$ cat protein_5.txt   # compact mmCIF, C-alpha atoms
# COMPACT_ATOMS: atom_id res chain seq x y z
CA MET Y 1 -68.93 -122.38 108.51
CA ARG Y 2 -65.74 -120.35 108.59
CA HIS Y 3 -63.78 -123.57 108.74
CA ILE Y 4 -65.57 -124.99 105.75
CA LEU Y 5 -64.90 -121.87 103.72
CA ALA Y 6 -61.25 -121.92 104.80
CA PHE Y 7 -61.05 -125.57 103.80
CA ILE Y 8 -62.56 -124.89 100.38
CA TRP Y 9 -60.27 -121.92 99.90
CA LYS Y 10 -57.24 -123.98 100.82
CA HIS Y 11 -58.15 -126.60 98.26
CA ASN Y 12 -59.64 -124.18 95.75
CA PHE Y 13 -57.84 -125.87 92.83
CA PHE Y 14 -59.57 -129.16 93.55
CA PHE Y 15 -62.99 -127.65 94.18
CA LEU Y 16 -62.86 -125.47 91.08
CA PHE Y 17 -61.90 -128.56 89.10
CA LEU Y 18 -64.84 -130.44 90.59
CA LEU Y 19 -67.23 -127.62 89.76
CA LEU Y 20 -66.09 -127.24 86.14
CA GLU Y 21 -66.07 -130.99 85.58
CA VAL Y 22 -69.59 -131.32 86.97
CA VAL Y 23 -70.74 -128.47 84.69
CA SER Y 24 -69.25 -130.28 81.66
CA ILE Y 25 -70.82 -133.59 82.55
CA VAL Y 26 -74.21 -131.95 83.07
CA LEU Y 27 -73.79 -130.42 79.60
CA ILE Y 28 -73.00 -133.83 78.09
CA ALA Y 29 -75.91 -135.51 79.84
CA ASN Y 30 -78.48 -132.78 79.12
CA LYS Y 31 -77.54 -132.14 75.56
CA SER Y 32 -81.02 -131.49 74.23
CA PHE Y 33 -81.76 -129.07 77.07
CA TYR Y 34 -78.58 -127.15 76.27
CA GLN Y 35 -79.45 -127.07 72.57
CA ARG Y 36 -82.64 -125.15 73.33
CA SER Y 37 -80.88 -122.65 75.61
CA VAL Y 38 -80.06 -119.02 74.93
CA LEU Y 39 -76.36 -119.71 75.30
CA SER Y 40 -76.47 -122.32 72.56
CA ASN Y 41 -78.20 -119.82 70.25
CA ALA Y 42 -75.46 -117.29 70.92
CA THR Y 43 -72.62 -119.73 70.27
CA ASP Y 44 -74.37 -120.91 67.10
CA ARG Y 45 -74.42 -117.35 65.84
CA VAL Y 46 -70.66 -117.02 66.32
CA THR Y 47 -69.71 -120.46 65.02
CA GLY Y 48 -72.20 -120.20 62.17
CA GLY Y 49 -70.77 -116.86 61.07
CA ILE Y 50 -67.23 -118.21 61.07
CA PHE Y 51 -68.20 -121.42 59.25
CA THR Y 52 -70.11 -119.42 56.61
CA THR Y 53 -67.05 -117.34 55.78
CA TRP Y 54 -64.78 -120.36 55.80
CA SER Y 55 -67.00 -122.52 53.60
CA GLY Y 56 -67.34 -119.55 51.25
CA ILE Y 57 -63.61 -119.92 50.66
CA THR Y 58 -63.33 -123.71 50.60
CA SER Y 59 -66.47 -124.43 48.55
CA TYR Y 60 -64.65 -123.42 45.36
CA PHE Y 61 -62.52 -126.54 45.59
CA SER Y 62 -65.49 -128.86 45.14
CA LEU Y 63 -67.48 -126.88 42.57
CA LYS Y 64 -66.79 -129.39 39.83
CA GLN Y 65 -68.03 -132.40 41.81
CA GLU Y 66 -71.06 -130.46 42.97
CA ASN Y 67 -71.97 -129.46 39.41
CA GLN Y 68 -71.64 -133.05 38.29
CA ARG Y 69 -73.96 -134.20 41.07
CA LEU Y 70 -76.57 -131.58 40.22
CA ALA Y 71 -76.37 -132.36 36.50
CA GLU Y 72 -76.99 -136.03 37.23
CA GLU Y 73 -79.96 -135.17 39.35
CA ASN Y 74 -81.34 -132.89 36.66
CA ALA Y 75 -81.10 -135.70 34.16
CA ARG Y 76 -82.96 -138.03 36.50
CA LEU Y 77 -85.71 -135.50 37.14
CA HIS Y 78 -86.03 -134.84 33.43
CA GLN Y 79 -86.67 -138.49 32.86
CA ILE Y 80 -89.50 -138.49 35.39
CA LEU Y 81 -90.99 -135.36 33.82
CA THR Y 82 -91.16 -136.76 30.30
CA ARG Y 83 -92.72 -139.93 31.61
CA GLU Y 84 -95.38 -137.82 33.27
CA GLN Y 85 -96.10 -135.98 30.04
CA LEU Y 86 -96.69 -139.15 28.08
CA THR Y 87 -99.35 -140.33 30.50
CA ALA Y 88 -100.82 -136.89 31.04
CA ASP Y 89 -104.17 -137.76 29.48
CA THR Y 90 -104.92 -140.74 31.66
CA LEU Y 91 -107.78 -140.47 34.09
CA THR Y 92 -105.75 -140.89 37.30
CA TYR Y 93 -103.49 -138.04 36.41
CA LYS Y 94 -106.38 -135.66 35.90
CA ILE Y 95 -108.05 -136.20 39.21
CA THR Y 96 -104.81 -136.02 41.17
CA ASP Y 97 -104.54 -132.53 42.51
CA THR Y 98 -100.84 -132.44 43.16
CA ALA Y 99 -100.93 -129.15 45.04
CA TYR Y 100 -103.43 -130.53 47.50
CA ASN Y 101 -101.64 -133.79 48.01
CA GLN Y 102 -98.20 -132.41 48.39
CA GLN Y 103 -96.66 -133.94 51.47
CA TYR Y 104 -93.06 -132.81 51.36
CA ILE Y 105 -91.47 -129.42 50.81
CA TYR Y 106 -87.79 -129.24 49.87
CA THR Y 107 -85.52 -126.38 50.87
CA THR Y 108 -81.95 -126.19 49.63
CA ALA Y 109 -79.18 -125.48 52.12
CA ASN Y 110 -75.42 -125.27 52.13
CA VAL Y 111 -73.28 -127.37 54.42
CA ILE Y 112 -71.03 -124.98 56.28
CA SER Y 113 -69.45 -127.48 58.64
CA ASN Y 114 -69.22 -131.23 58.63
CA SER Y 115 -67.20 -133.94 60.30
CA THR Y 116 -66.89 -137.69 59.76
CA ASN Y 117 -64.14 -138.62 62.20
CA ARG Y 118 -66.03 -138.64 65.51
CA ARG Y 119 -68.38 -141.12 67.11
CA ASP Y 120 -71.16 -138.53 66.90
CA ASN Y 121 -70.91 -136.39 63.81
CA TYR Y 122 -72.94 -133.27 63.21
CA ILE Y 123 -73.41 -131.08 60.14
CA MET Y 124 -74.11 -127.36 60.30
CA LEU Y 125 -76.39 -125.85 57.64
CA ASN Y 126 -76.85 -122.21 56.71
CA LYS Y 127 -80.64 -122.31 57.13
CA GLY Y 128 -82.49 -121.84 60.40
CA ARG Y 129 -85.79 -120.95 62.04
CA ARG Y 130 -86.04 -117.86 59.87
CA HIS Y 131 -86.21 -120.11 56.79
CA GLY Y 132 -88.86 -122.37 58.26
CA ILE Y 133 -86.52 -125.09 59.45
CA GLU Y 134 -87.65 -127.09 62.47
CA ARG Y 135 -86.36 -130.00 64.51
CA ASP Y 136 -86.92 -133.49 63.08
CA MET Y 137 -86.82 -132.52 59.43
CA ALA Y 138 -85.05 -134.89 57.05
CA VAL Y 139 -81.85 -133.89 55.26
CA ILE Y 140 -80.98 -135.56 51.95
CA ASN Y 141 -78.81 -134.86 48.94
CA PRO Y 142 -79.14 -136.04 45.33
CA GLN Y 143 -77.32 -139.26 46.22
CA GLY Y 144 -79.32 -140.21 49.27
CA VAL Y 145 -80.04 -139.74 52.97
CA VAL Y 146 -77.75 -137.43 54.94
CA GLY Y 147 -79.33 -136.99 58.38
CA THR Y 148 -81.95 -135.36 60.60
CA VAL Y 149 -82.22 -131.79 61.92
CA VAL Y 150 -81.70 -131.87 65.69
CA SER Y 151 -81.22 -128.26 66.70
CA VAL Y 152 -82.24 -124.97 65.11
CA SER Y 153 -81.18 -121.40 65.83
CA GLU Y 154 -82.30 -118.21 64.10
CA ASN Y 155 -80.10 -118.58 61.01
CA PHE Y 156 -78.45 -121.97 61.33
CA SER Y 157 -79.26 -125.56 62.09
CA TRP Y 158 -77.35 -128.59 63.33
CA VAL Y 159 -78.02 -131.87 61.59
CA MET Y 160 -77.33 -135.24 63.15
CA SER Y 161 -75.37 -136.96 60.40
CA LEU Y 162 -75.98 -140.65 59.60
CA LEU Y 163 -72.57 -141.06 61.22
CA ASN Y 164 -73.89 -140.84 64.77
CA LYS Y 165 -74.57 -143.36 67.50
CA HIS Y 166 -78.12 -142.02 67.87
CA THR Y 167 -78.96 -142.68 64.22
CA LYS Y 168 -81.92 -145.04 63.88
CA ILE Y 169 -83.69 -144.86 60.52
CA SER Y 170 -86.38 -147.18 59.32
CA ALA Y 171 -85.28 -148.60 55.95
CA ARG Y 172 -86.11 -151.47 53.65
CA ILE Y 173 -84.36 -153.63 51.11
CA ASP Y 174 -86.03 -152.52 47.89
CA ARG Y 175 -86.09 -155.84 46.08
CA LEU Y 176 -87.54 -157.78 49.03
CA ASN Y 177 -89.62 -155.07 50.67
CA GLN Y 178 -88.16 -156.18 54.01
CA MET Y 179 -88.05 -153.59 56.77
CA GLY Y 180 -85.07 -152.97 59.01
CA THR Y 181 -83.28 -150.31 61.01
CA VAL Y 182 -80.19 -148.41 59.88
CA VAL Y 183 -77.58 -147.61 62.53
CA TRP Y 184 -73.93 -146.58 62.47
CA GLU Y 185 -71.47 -148.56 64.54
CA GLY Y 186 -68.58 -146.13 64.28
CA GLY Y 187 -65.31 -146.34 62.40
CA ASN Y 188 -65.62 -146.33 58.63
CA PRO Y 189 -67.59 -143.25 57.48
CA ALA Y 190 -68.51 -144.92 54.19
CA THR Y 191 -70.47 -147.88 55.56
CA GLY Y 192 -73.49 -148.32 57.80
CA THR Y 193 -75.31 -151.26 59.32
CA LEU Y 194 -78.83 -152.51 58.64
CA LEU Y 195 -80.36 -154.55 61.46
CA ASP Y 196 -83.59 -156.51 61.97
CA ILE Y 197 -83.88 -158.12 58.53
CA PRO Y 198 -85.16 -161.66 59.26
CA ALA Y 199 -82.60 -164.33 58.43
CA HIS Y 200 -84.99 -166.48 56.39
CA VAL Y 201 -85.08 -164.14 53.39
CA LYS Y 202 -82.31 -164.23 50.82
CA VAL Y 203 -80.32 -161.00 50.73
CA ASN Y 204 -77.84 -160.47 47.92
CA LYS Y 205 -74.75 -158.37 47.70
CA GLY Y 206 -75.60 -155.21 45.80
CA ASP Y 207 -79.25 -155.02 46.88
CA THR Y 208 -80.31 -151.42 47.34
CA ILE Y 209 -81.49 -150.05 50.67
CA ALA Y 210 -83.91 -147.11 50.78
CA THR Y 211 -86.00 -145.37 53.41
CA SER Y 212 -89.21 -147.19 54.24
CA GLY Y 213 -91.47 -144.17 54.57
CA TYR Y 214 -92.73 -145.55 57.86
CA SER Y 215 -91.17 -142.73 59.84
CA HIS Y 216 -92.79 -139.32 59.89
CA ILE Y 217 -89.44 -137.74 58.98
CA PHE Y 218 -88.15 -139.32 55.76
CA PRO Y 219 -90.13 -139.61 52.53
CA GLU Y 220 -90.39 -143.11 51.12
CA GLY Y 221 -87.77 -144.49 48.76
CA ILE Y 222 -84.86 -142.17 49.40
CA MET Y 223 -81.73 -144.13 48.60
CA MET Y 224 -79.53 -145.11 51.55
CA GLY Y 225 -76.97 -147.50 50.10
CA THR Y 226 -76.08 -150.89 48.65
CA VAL Y 227 -75.46 -154.13 50.53
CA GLU Y 228 -71.81 -155.11 50.85
CA GLU Y 229 -71.53 -157.77 53.51
CA ILE Y 230 -74.14 -160.01 55.08
CA GLU Y 231 -73.62 -161.63 58.47
CA VAL Y 232 -75.81 -163.76 60.65
CA GLU Y 233 -74.67 -164.96 64.03
CA THR Y 234 -75.45 -168.57 64.86
CA GLY Y 235 -78.74 -168.76 66.69
CA ASP Y 236 -79.74 -165.29 65.67
CA HIS Y 237 -82.89 -164.74 63.66
CA PHE Y 238 -81.79 -161.49 62.11
CA TYR Y 239 -79.06 -160.44 59.70
CA THR Y 240 -76.44 -157.82 60.42
CA ILE Y 241 -75.99 -156.23 57.02
CA HIS Y 242 -73.12 -153.88 56.30
CA PHE Y 243 -73.81 -151.55 53.43
CA ARG Y 244 -72.13 -148.70 51.59
CA PHE Y 245 -73.83 -145.32 51.99
CA SER Y 246 -74.99 -143.93 48.66
CA ALA Y 247 -74.33 -140.36 49.83
CA ASP Y 248 -70.68 -139.47 50.23
CA LEU Y 249 -70.94 -137.94 53.69
CA ASN Y 250 -67.40 -136.64 53.55
CA SER Y 251 -67.91 -134.33 50.57
CA LEU Y 252 -71.27 -132.71 51.29
CA ARG Y 253 -71.88 -129.20 50.01
CA GLN Y 254 -75.48 -128.81 48.91
CA VAL Y 255 -78.34 -130.62 50.62
CA TYR Y 256 -82.13 -130.52 50.72
CA ILE Y 257 -84.05 -130.10 53.95
CA VAL Y 258 -87.34 -131.95 53.72
CA LYS Y 259 -90.38 -130.73 55.60
CA ASN Y 260 -93.22 -133.20 56.06
CA LEU Y 261 -96.44 -131.18 55.88
CA PHE Y 262 -98.36 -133.95 57.65
CA ASN Y 263 -95.79 -134.38 60.40
CA SER Y 264 -97.96 -132.98 63.20
CA GLU Y 265 -101.00 -134.89 61.98
CA GLN Y 266 -99.06 -138.17 61.95
CA LEU Y 267 -97.63 -137.49 65.39
CA GLU Y 268 -101.08 -136.62 66.72
CA LEU Y 269 -102.45 -139.88 65.41
CA ARG Y 270 -99.65 -141.84 67.00
CA LYS Y 271 -100.21 -140.06 70.30
CA ASN Y 272 -103.87 -141.07 70.22
CA ILE Y 273 -102.90 -144.72 69.93
CA ILE Y 274 -100.43 -144.52 72.77
CA ASN Y 275 -102.96 -142.79 75.00
CA GLU Y 276 -105.64 -145.38 74.50
CA MET X 1 -46.39 -110.36 82.90
CA ASN X 2 -49.07 -109.15 80.51
CA LYS X 3 -46.80 -109.59 77.57
CA ALA X 4 -46.15 -113.18 78.58
CA TYR X 5 -49.87 -113.98 78.55
CA GLY X 6 -50.42 -112.04 75.30
CA LYS X 7 -48.78 -114.87 73.42
CA ASP X 8 -50.98 -117.43 75.14
CA ILE X 9 -54.11 -115.52 74.21
CA LEU X 10 -52.99 -115.41 70.58
CA ARG X 11 -52.24 -119.12 70.70
CA PHE X 12 -55.74 -119.73 72.12
CA PHE X 13 -57.42 -118.29 69.01
CA VAL X 14 -54.98 -119.69 66.45
CA LEU X 15 -55.25 -123.22 67.87
CA ILE X 16 -59.07 -123.12 67.95
CA ALA X 17 -59.11 -121.96 64.33
CA VAL X 18 -56.72 -124.71 63.19
CA GLN X 19 -58.68 -127.29 65.19
CA VAL X 20 -62.22 -126.47 64.06
CA LEU X 21 -61.56 -125.28 60.52
CA ILE X 22 -58.98 -127.83 59.42
CA LEU X 23 -58.33 -130.77 61.77
CA ASP X 24 -61.98 -131.53 62.52
CA HIS X 25 -62.68 -131.97 58.83
CA ILE X 26 -59.81 -134.17 57.74
CA ASN X 27 -60.73 -137.78 57.59
CA LEU X 28 -58.20 -140.57 57.87
CA GLY X 29 -60.06 -143.86 58.01
CA GLY X 30 -62.70 -142.48 60.34
CA TYR X 31 -60.80 -143.14 63.55
CA ILE X 32 -58.37 -140.28 63.73
CA ASN X 33 -59.27 -136.86 64.98
CA PRO X 34 -56.18 -135.28 66.55
CA SER X 35 -56.82 -132.66 69.23
CA LEU X 36 -53.97 -130.25 68.55
CA TYR X 37 -55.68 -127.52 70.55
CA VAL X 38 -54.55 -129.08 73.85
CA LEU X 39 -51.12 -127.63 73.04
CA PHE X 40 -52.56 -124.42 74.48
CA ILE X 41 -52.99 -126.04 77.89
CA LEU X 42 -49.54 -127.67 77.68
CA LEU X 43 -47.75 -124.41 76.94
CA LEU X 44 -49.36 -122.20 79.57
CA PRO X 45 -46.58 -120.78 81.78
CA PHE X 46 -45.38 -122.77 84.81
CA GLU X 47 -46.35 -120.03 87.23
CA ILE X 48 -49.97 -119.68 86.09
CA PRO X 49 -52.33 -119.80 89.10
CA GLY X 50 -54.41 -122.97 89.43
CA TRP X 51 -57.76 -121.27 88.94
CA ALA X 52 -56.57 -119.54 85.75
CA LEU X 53 -55.27 -122.86 84.41
CA LEU X 54 -58.63 -124.56 84.98
CA ILE X 55 -60.69 -121.67 83.62
CA SER X 56 -58.51 -121.40 80.48
CA ALA X 57 -58.89 -125.12 79.86
CA PHE X 58 -62.63 -124.82 80.36
CA LEU X 59 -62.84 -121.95 77.87
CA ILE X 60 -60.84 -123.64 75.10
CA GLY X 61 -62.73 -126.91 75.58
CA PHE X 62 -66.06 -125.12 75.48
CA SER X 63 -65.07 -123.21 72.32
CA VAL X 64 -64.05 -126.39 70.50
CA ASP X 65 -67.30 -128.02 71.65
CA SER X 66 -69.38 -125.14 70.34
CA PHE X 67 -67.90 -125.56 66.90
CA SER X 68 -68.57 -129.29 66.68
CA ASN X 69 -71.87 -129.55 68.54
CA SER X 70 -70.23 -131.95 70.97
CA THR X 71 -71.56 -130.16 74.06
CA GLY X 72 -69.35 -130.69 77.11
CA LEU X 73 -67.08 -133.43 75.70
CA HIS X 74 -63.95 -131.42 75.03
CA THR X 75 -64.72 -129.22 78.03
CA ALA X 76 -64.70 -132.20 80.39
CA ALA X 77 -61.53 -133.67 78.86
CA SER X 78 -59.67 -130.33 78.88
CA VAL X 79 -60.56 -129.49 82.47
CA PHE X 80 -59.44 -132.96 83.54
CA MET X 81 -56.18 -132.51 81.69
CA ALA X 82 -55.58 -129.11 83.31
CA PHE X 83 -56.30 -130.64 86.70
CA LEU X 84 -53.60 -133.26 86.16
CA ARG X 85 -51.07 -130.77 84.80
CA PRO X 86 -49.45 -129.58 88.07
CA TRP X 87 -49.13 -133.18 89.23
CA VAL X 88 -47.58 -134.32 85.92
CA ILE X 89 -45.14 -131.39 86.05
CA ARG X 90 -44.04 -132.58 89.49
CA MET X 91 -43.68 -136.14 88.17
CA ALA X 92 -41.75 -135.12 85.09
CA GLY X 93 -39.49 -132.95 87.26
CA ALA X 94 -40.31 -129.29 87.74
CA PRO X 95 -37.59 -126.78 87.00
CA ALA X 96 -35.84 -125.80 90.25
CA GLU X 97 -36.51 -122.12 89.85
CA TYR X 98 -39.26 -120.54 87.79
CA GLU X 99 -37.30 -117.31 87.55
CA GLY X 100 -35.99 -116.67 84.08
CA ASN X 101 -39.52 -117.29 82.81
CA LEU X 102 -39.08 -120.88 81.77
CA LYS X 103 -41.93 -122.26 79.63
CA PRO X 104 -43.02 -125.90 79.48
CA GLY X 105 -41.89 -126.25 75.86
CA ILE X 106 -39.10 -128.09 74.05
CA ALA X 107 -36.94 -124.97 73.86
CA ASP X 108 -36.65 -124.57 77.62
CA MET X 109 -37.16 -128.06 78.95
CA GLY X 110 -35.68 -130.28 76.26
CA PHE X 111 -37.29 -132.93 74.08
CA ARG X 112 -37.33 -135.78 76.59
CA TRP X 113 -38.99 -133.78 79.32
CA PHE X 114 -41.57 -132.34 76.91
CA PHE X 115 -42.32 -135.73 75.38
CA ALA X 116 -42.98 -137.39 78.74
CA TYR X 117 -45.09 -134.43 79.87
CA THR X 118 -47.11 -134.40 76.61
CA LEU X 119 -47.54 -138.16 76.51
CA MET X 120 -49.12 -138.35 79.96
CA LEU X 121 -51.41 -135.36 79.58
CA VAL X 122 -52.55 -136.05 76.02
CA PHE X 123 -53.30 -139.67 76.87
CA ALA X 124 -55.41 -138.61 79.86
CA HIS X 125 -57.25 -136.08 77.69
CA GLN X 126 -57.98 -138.54 74.89
CA LEU X 127 -59.03 -141.28 77.27
CA LEU X 128 -61.64 -139.12 78.94
CA LEU X 129 -62.74 -137.60 75.64
CA PHE X 130 -63.46 -140.88 73.90
CA LEU X 131 -64.91 -142.56 76.99
CA PHE X 132 -67.43 -139.77 77.34
CA GLU X 133 -68.00 -139.71 73.59
CA ALA X 134 -69.02 -143.36 73.40
CA PHE X 135 -70.80 -143.20 76.79
CA ARG X 136 -71.35 -146.93 76.77
CA LEU X 137 -69.11 -149.77 77.77
CA ASN X 138 -69.90 -152.23 74.99
CA GLU X 139 -67.82 -150.12 72.63
CA ILE X 140 -64.68 -150.36 74.76
CA GLY X 141 -62.58 -151.83 71.93
CA TYR X 142 -63.57 -149.03 69.62
CA VAL X 143 -62.81 -146.48 72.36
CA LEU X 144 -59.33 -147.89 72.97
CA ILE X 145 -58.47 -147.80 69.27
CA ARG X 146 -59.59 -144.21 69.12
CA VAL X 147 -57.65 -143.27 72.26
CA LEU X 148 -54.44 -144.82 70.92
CA ALA X 149 -54.81 -143.41 67.40
CA GLY X 150 -55.90 -140.01 68.69
CA SER X 151 -53.06 -139.78 71.23
CA THR X 152 -50.43 -140.81 68.70
CA PHE X 153 -51.51 -138.31 66.06
CA THR X 154 -52.06 -135.54 68.60
CA ILE X 155 -48.57 -136.02 70.04
CA ILE X 156 -46.99 -136.09 66.57
CA LEU X 157 -48.76 -132.87 65.61
CA ILE X 158 -47.86 -131.17 68.90
CA ILE X 159 -44.18 -132.01 68.52
CA LEU X 160 -44.19 -130.89 64.88
CA ALA X 161 -45.85 -127.62 65.87
CA GLU X 162 -43.35 -127.16 68.69
CA TYR X 163 -40.40 -127.53 66.33
CA LEU X 164 -41.99 -125.35 63.65
CA PHE X 165 -42.69 -122.45 65.96
CA MET X 166 -39.87 -122.93 68.44
CA GLN X 167 -38.02 -119.80 69.42
CA LYS X 168 -34.49 -120.30 70.63
CA ARG X 169 -33.66 -118.54 73.86
CA LYS X 170 -31.14 -115.80 73.47
$ encode --input "protein_5.txt" --output "structure tokens"
Amino acid sequence: MRHILAFIWKHNFFFLFLLLEVVSIVLIANKSFYQRSVLSNATDRVTGGIFTTWSGITSYFSLKQENQRLAEENARLHQILTREQLTADTLTYKITDTAYNQQYIYTTANVISNSTNRRDNYIMLNKGRRHGIERDMAVINPQGVVGTVVSVSENFSWVMSLLNKHTKISARIDRLNQMGTVVWEGGNPATGTLLDIPAHVKVNKGDTIATSGYSHIFPEGIMMGTVEEIEVETGDHFYTIHFRFSADLNSLRQVYIVKNLFNSEQLELRKNIINE
Amino acid sequence: MNKAYGKDILRFFVLIAVQVLILDHINLGGYINPSLYVLFILLLPFEIPGWALLISAFLIGFSVDSFSNSTGLHTAASVFMAFLRPWVIRMAGAPAEYEGNLKPGIADMGFRWFFAYTLMLVFAHQLLLFLFEAFRLNEIGYVLIRVLAGSTFTIILIILAEYLFMQKRK
């Protein structure tokens, strides 16, 4: 025993290295476990505080763009509203109790940290558990899909950006109603990839891609992007479609966090199927 | 002794701030994310004990990770880099005597020495960082591009920073 200790002490540099490296690799491999830990909550409080101050300073530089974006969205919403008013006396409208049927609740949040230059990019928002934010909520902005909430602390939350190797969002090509999966293959932060669209349908450049609504996270019809390049490998039955994200993920400031009120019900239902 | 490390502690915080508030948010084509903060590990004094070197590297890596939600990535790469440091110093030619408080910077060791030293360590750091980041082998081409781009830009920034903040020995 004494010899072993003496040996370890003699090579303490190597053994300390081994220990620290193993700790790091365990952290990488058990990411989701770490995200739920007390330590992660504490670091989020520190980093969140610093990012809040910093974004308070830098947000002034993009005020103009942000105003423009909000004005455009207002205009769009106005249009929908007036359309509703014109048809207000139809029968269907009267029996629809919108309060009862409401499926999604939107909360605004500010982006206090964002990156686009890594393989796995994450966004930090200034809303957390205290504001009713939970894991697996959708994050969108007026232009389109932004990401999914993956980790929540008391006052802050981390969002897995579309620009992440774990991104897998069910989407469809609007014009064709064909379902596929959106992933990000790294590199260019302005374009993503849509997989699993069968090669027998005719996809055009410029077709719009939106969320399918088949996931229990994203509402249906949230814009994702427009088709830029269509590839099909010989012998493959599915397209690889490269498309331009509609949301500019590099200039995010204001986003909406979307809570699906029927999330647990949908999950429950799915669990029942799997169990049987 | 304490005064000597005072500067390193200051550098620790300044480099983290520059890294997480500025460098992590610039976007050049999506591939380039220089890790200037490793300059902290490069500039630690020659005579620093091994355990302190490893622990410092662990702390700065962990801090950078906390700010980018990249749990463990920068920690693993930084600890690995610190582990290689004594060996690379021997390869690059250690100063004969540490007395006179020589520092592993351009001012004391000259450009050529510092460049070779930085090149080896930064490359090792970036290689491990991006390998662990991708965590799959089918993206090896992508990883290599990132390692090369990242190393190049990191080294350029480190040398710029060295010249900007270099203090001539009296």
$ interface_residues --input "protein_5.txt" --of "chain X" --to "chain Y" --cutoff "8 Å" --atoms "all atoms listed in the file" --output "ChimeraX atom specification"
/X:21,24-33,50-51,54,58,66-73,75-76,79-80,83,133-134,142
$ residues_around --input "protein_5.txt" --residues "Ile257 in chain Y" --least-positions-apart "6" --cutoff "6 Å" --atoms "all atoms listed in the file" --output "tab-separated table (two decimals) with C-alpha atoms, keeping the file's coordinate frame"
chain	number	residue	atom	x	y	z
Y	106	TYR	CA	-87.79	-129.24	49.87
Y	107	THR	CA	-85.52	-126.38	50.87
Y	138	ALA	CA	-85.05	-134.89	57.05
Y	139	VAL	CA	-81.85	-133.89	55.26
$ closest_residue --input "protein_5.txt" --among "X:Ala94, X:Leu164, X:Ile140, X:Leu121" --to "Asp108 in chain X" --atoms "only C-alpha atoms"
X:Ala94
$ residues_around --input "protein_5.txt" --residues "Gln126 in chain X" --least-positions-apart "2" --cutoff "9 Å" --atoms "only C-alpha atoms" --output "MDAnalysis selection string"
chainID X and resid 35 77 121:124 128:131 146:148 150:151
$ atom_distance --input "protein_5.txt" --atom1 "CA of His125 in chain X" --atom2 "CA of Ile41 in chain X"
10.9 Å
$ atom_distance --input "protein_5.txt" --atom1 "CA of Phe245 in chain Y" --atom2 "CA of Leu194 in chain Y"
11.0 Å
$ residues_around --input "protein_5.txt" --residues "Lys127 in chain Y" --least-positions-apart "2" --cutoff "12 Å" --atoms "all atoms listed in the file" --output "PyMOL selection string"
chain Y and resi 44-45+48-49+52+107-112+123-125+129-134+139+149+151-159+254-257
$ closest_residue --input "protein_5.txt" --among "X:Leu102, X:Ser78, X:Phe62, X:Pro34" --to "Glu47 in chain X" --atoms "only C-alpha atoms"
X:Leu102
$ atom_distance --input "protein_5.txt" --atom1 "CA of Phe40 in chain X" --atom2 "CA of Asn164 in chain Y"
28.6 Å
$ residues_near_point --input "protein_5.txt" --point "(-47.1, -127.6, 70.8)" --cutoff "10 Å" --atoms "all atoms listed in the file" --output "PyMOL selection string"
chain X and resi 11+15+36-43+104-106+114+118+154-166
$ axis_aligned_box --input "protein_5.txt" --around "range 105-124 of chain X" --padding-each-side "8 Å" --output "AutoDock Vina command-line options"
--center_x -45.5 --center_y -132.1 --center_z 76.9 --size_x 35.7 --size_y 31.1 --size_z 22.1
$ residues_near_point --input "protein_5.txt" --point "(-82.8, -151.5, 51.6)" --cutoff "6 Å" --atoms "only C-alpha atoms" --output "ChimeraX atom specification"
/Y:171-174,208-210
$ closest_residue --input "protein_5.txt" --among "X:Val64, X:Ile9, X:Ile16, X:Ile55" --to "Met81 in chain X" --atoms "all atoms listed in the file"
X:Ile55
$ closest_residue --input "protein_5.txt" --among "Y:Gln103, Y:Thr240, Y:Gln143, Y:Ser161" --to "Phe262 in chain Y" --atoms "all atoms listed in the file"
Y:Gln103
$ residues_around --input "protein_5.txt" --residues "Val88 in chain X" --least-positions-apart "3" --cutoff "9 Å" --atoms "all atoms listed in the file" --output "list in words"
Leu84, Arg85, Met91, Ala92, Gly93, Tyr117, Met120 and Leu121 of chain X
